[in-house]
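Participant: Sharing a structure, written as structure tokens. Questions coming.
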Amino acid sequence: MNRQLTLMVVHAHPDDECLTTGGILARYAEEGVRTVLVTCTNGEQGDDQNGVKPGEPGHDDAAVAAKRLEELRESVGHLAVEHLELLGYRDSGMEGWEANGHPDAFANVPVESAAARLAALMEHYRPQVVVTYDETGGGGYGHPDHVQTHRVTVAAVERSGIPDKFYYTAIPRASIMRMFELMKESGVDVGDFDPSGDFGTPDERVTSVVDVAPYVERKLKALQAHESQGDNIFLLRMAEDVRMQAFAHEAFERVLSKVDAPAHEEDLFAGLRDS
């Protein structure tokens, strides 16, 4: 019996949904696909008011989480996400931060425990397509919560056996280096960000590139919704032509397919639409 086409995207924090998957969420929603965003943590380790950083005097974890979840709800509205599911785990912070040691931090939660909760959501929504990060947390990012999200999602996919296709987000190395050079040429202040030769996803691992150009403005509005974290989103300061190049396509590595699909595809639902 055919079931409604459904996309489930699993991210670590509020605002992670925008850059690498905001376009597919908006595009597939417009095509009538049911879209489900699962956010694993509440983002407690983000910036507080006036840019107060975690660990600094005046940083209020609970207030930050409340603000970031409010921003997340606005973001998913711009992306027309049909269902937002919050696992509610505590943000672990960047690698090496004191927050890493908190017993309730997501990175310290047993994988099988979190995977059981995610698998239950898969059983409820029955997504044909699931997307999350690769084993490095997304192109070599290495954030503890991103790596944990990868582990948990892989375990949930295996446990449920439901998805027909499973993807990792990809940041193709050639694309990121080209974009970085364009940003520097256009005078964008990228701070300390300087991608090394091994930053991003090896180009040969990229199997799927989806055109989301018509949804760039929606992605931008979703990103702008996370205004409390604006100091960390230098992409908002890019020139329009550079921003279009950065946002107009989203790339993925297909790691599971139970259906026949092209080796290099432009649609994550290739092989599923007529089944």
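Chain labels run A, B, ... following the order of the structure tokens; each chain numbers its residues from 1, and ligands are numbered from 1 in the order shown.
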Using only C-alpha atoms, determine which residues lie at most 6 Å from Tyr167 of chain A, disregarding the query and same-chain residues fewer than 2 positions distant; provide the list as a ChimeraX atom specification.

Facilitator: /A:131,253-255

Participant: Just list as a PyMOL selection string whatever in segment 134-205 of chain A DSSP marks as strand (DSSP E).

Facilitator: chain A and resi 165-170

Participant: Using only C-alpha atoms, which residue out of A:Gly43, A:Gly77, A:Pro110, A:Gly142 lies closest to Arg90 of chain A?

Facilitator: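 Checking each of A:Gly43, A:Gly77, A:Pro110, A:Gly142 against Arg90 of chain A, counting only C-alpha atoms, the winner is A:Gly43.
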
Participant: Quote the spacing between atom CA of Val64 of chain A and atom CA of Leu121 of chain A in Å to one decimal place.

Facilitator: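 Atom CA of Leu121 of chain A lies 26.1 Å from atom CA of Val64 of chain A.
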
Participant: May I have the residues within 8 Å of Ile171 of chain A as an MDAnalysis selection string, using only C-alpha atoms and disregarding those fewer than 5 positions away in the same chain?

Facilitator: chainID A and resid 138:139 176 200:201 251:252

Participant: Go through A:Asp267, A:Glu98, A:Asp145, A:Glu30 and flag the residue nearest Val111 of chain A, using only C-alpha atoms for the distances.

Facilitator: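 Looking at the shortest contact to Val111 of chain A, the residue is A:Asp145.
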
Participant: As a PyMOL selection string, please: the residues near Asp104 of chain A (cut-off 10 Å, only C-alpha atoms, same-chain neighbours under 5 positions excluded).

Facilitator: chain A and resi 89-92+99+109

Participant: Generate the output file for the selected residues, N, CA, C and O atoms, as a PDB file, in the first residue's frame.

Facilitator:
```
ATOM      1  N   TYR A  89      16.900  17.508  24.130  1.00  0.00           N
ATOM      2  CA  TYR A  89      18.143  17.250  24.851  1.00  0.00           C
ATOM      3  C   TYR A  89      18.918  18.544  25.089  1.00  0.00           C
ATOM      4  O   TYR A  89      18.708  19.554  24.417  1.00  0.00           O
ATOM      5  N   ARG A  90      19.840  18.494  26.034  1.00  0.00           N
ATOM      6  CA  ARG A  90      20.641  19.664  26.390  1.00  0.00           C
ATOM      7  C   ARG A  90      21.807  19.820  25.413  1.00  0.00           C
ATOM      8  O   ARG A  90      22.504  18.850  25.103  1.00  0.00           O
ATOM      9  N   ASP A  91      22.003  21.038  24.948  1.00  0.00           N
ATOM     10  CA  ASP A  91      23.106  21.387  24.056  1.00  0.00           C
ATOM     11  C   ASP A  91      24.437  21.079  24.752  1.00  0.00           C
ATOM     12  O   ASP A  91      24.673  21.497  25.883  1.00  0.00           O
ATOM     13  N   SER A  92      25.313  20.357  24.056  1.00  0.00           N
ATOM     14  CA  SER A  92      26.604  19.953  24.635  1.00  0.00           C
ATOM     15  C   SER A  92      27.680  21.012  24.493  1.00  0.00           C
ATOM     16  O   SER A  92      28.744  20.889  25.120  1.00  0.00           O
ATOM     17  N   ALA A  99      30.675  22.692  29.040  1.00  0.00           N
ATOM     18  CA  ALA A  99      29.345  22.086  28.901  1.00  0.00           C
ATOM     19  C   ALA A  99      29.410  20.640  28.439  1.00  0.00           C
ATOM     20  O   ALA A  99      28.457  19.881  28.634  1.00  0.00           O
ATOM     21  N   VAL A 109      24.282  11.264  26.196  1.00  0.00           N
ATOM     22  CA  VAL A 109      23.095  10.392  26.253  1.00  0.00           C
ATOM     23  C   VAL A 109      23.408   9.084  25.540  1.00  0.00           C
ATOM     24  O   VAL A 109      24.000   9.082  24.452  1.00  0.00           O
TER      25      VAL A 109
END
```

Participant: With distances taken over only C-alpha atoms, which of A:Thr132, A:Thr169, A:Gln229, A:Ala115 is nearest to Asp47 of chain A?

Facilitator: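 Smallest distance to Asp47 of chain A is found for A:Gln229.
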
Participant: As a PyMOL selection string, please: the residues near Thr21 of chain A (cut-off 7 Å, only C-alpha atoms, same-chain neighbours under 4 positions excluded).

Facilitator: chain A and resi 17+25+250

Participant: Taking the DSSP assignment computed from this structure's backbone, write out as a VMD selection string all residues of segment 157-247 of chain A that belong to helix (DSSP H, G or I).

Facilitator: chain A and resid 157 to 160 173 to 185 203 to 205 213 to 225 227 to 232 234 to 237 240 to 247

Participant: Quick one: residues within 6 Å of segment 215-219 of chain A, only C-alpha atoms, excluding same-chain residues fewer than 5 positions away - as a list in words?

Facilitator: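 My reading of the contact set: Cys18, Gly22, Gly23, His78 and Phe247 of chain A.
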
Participant: Write out the residues from the selection above, keeping C-alpha atoms, as a CSV table (one decimal), in the first residue's frame.

Facilitator:
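As a result, part-v2.csv now contains:
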```csv
chain,number,residue,atom,x,y,z
A,18,CYS,CA,18.6,26.5,7.3
A,22,GLY,CA,16.4,24.7,4.2
A,23,GLY,CA,16.0,24.5,0.4
A,78,HIS,CA,9.3,30.3,6.4
A,247,PHE,CA,22.4,28.9,-1.3
```

Participant: Do a neighbour search on segment 3-13 of chain A at 9 Å with only C-alpha atoms, toss out local chain neighbours closer than 2 positions, and write the hits as an MDAnalysis selection string.

Facilitator: chainID A and resid 1 15:17 21 25 28:29 32:43 68 91 122 125:133 145:150 153 269 272:273

Participant: Between A:Pro14, A:Gly137, A:Gly58, A:Gly271, which one has atoms that come closest to Leu87 of chain A, using only C-alpha atoms?

Facilitator: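 Counting only C-alpha atoms, the residue closest to Leu87 of chain A is A:Pro14.
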
Participant: How far is it from atom CA of Ala116 of chain A to atom CA of Glu71 of chain A, in Å with one decimal?

Facilitator: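 Rounded to one decimal, the two atoms are 27.2 Å apart.
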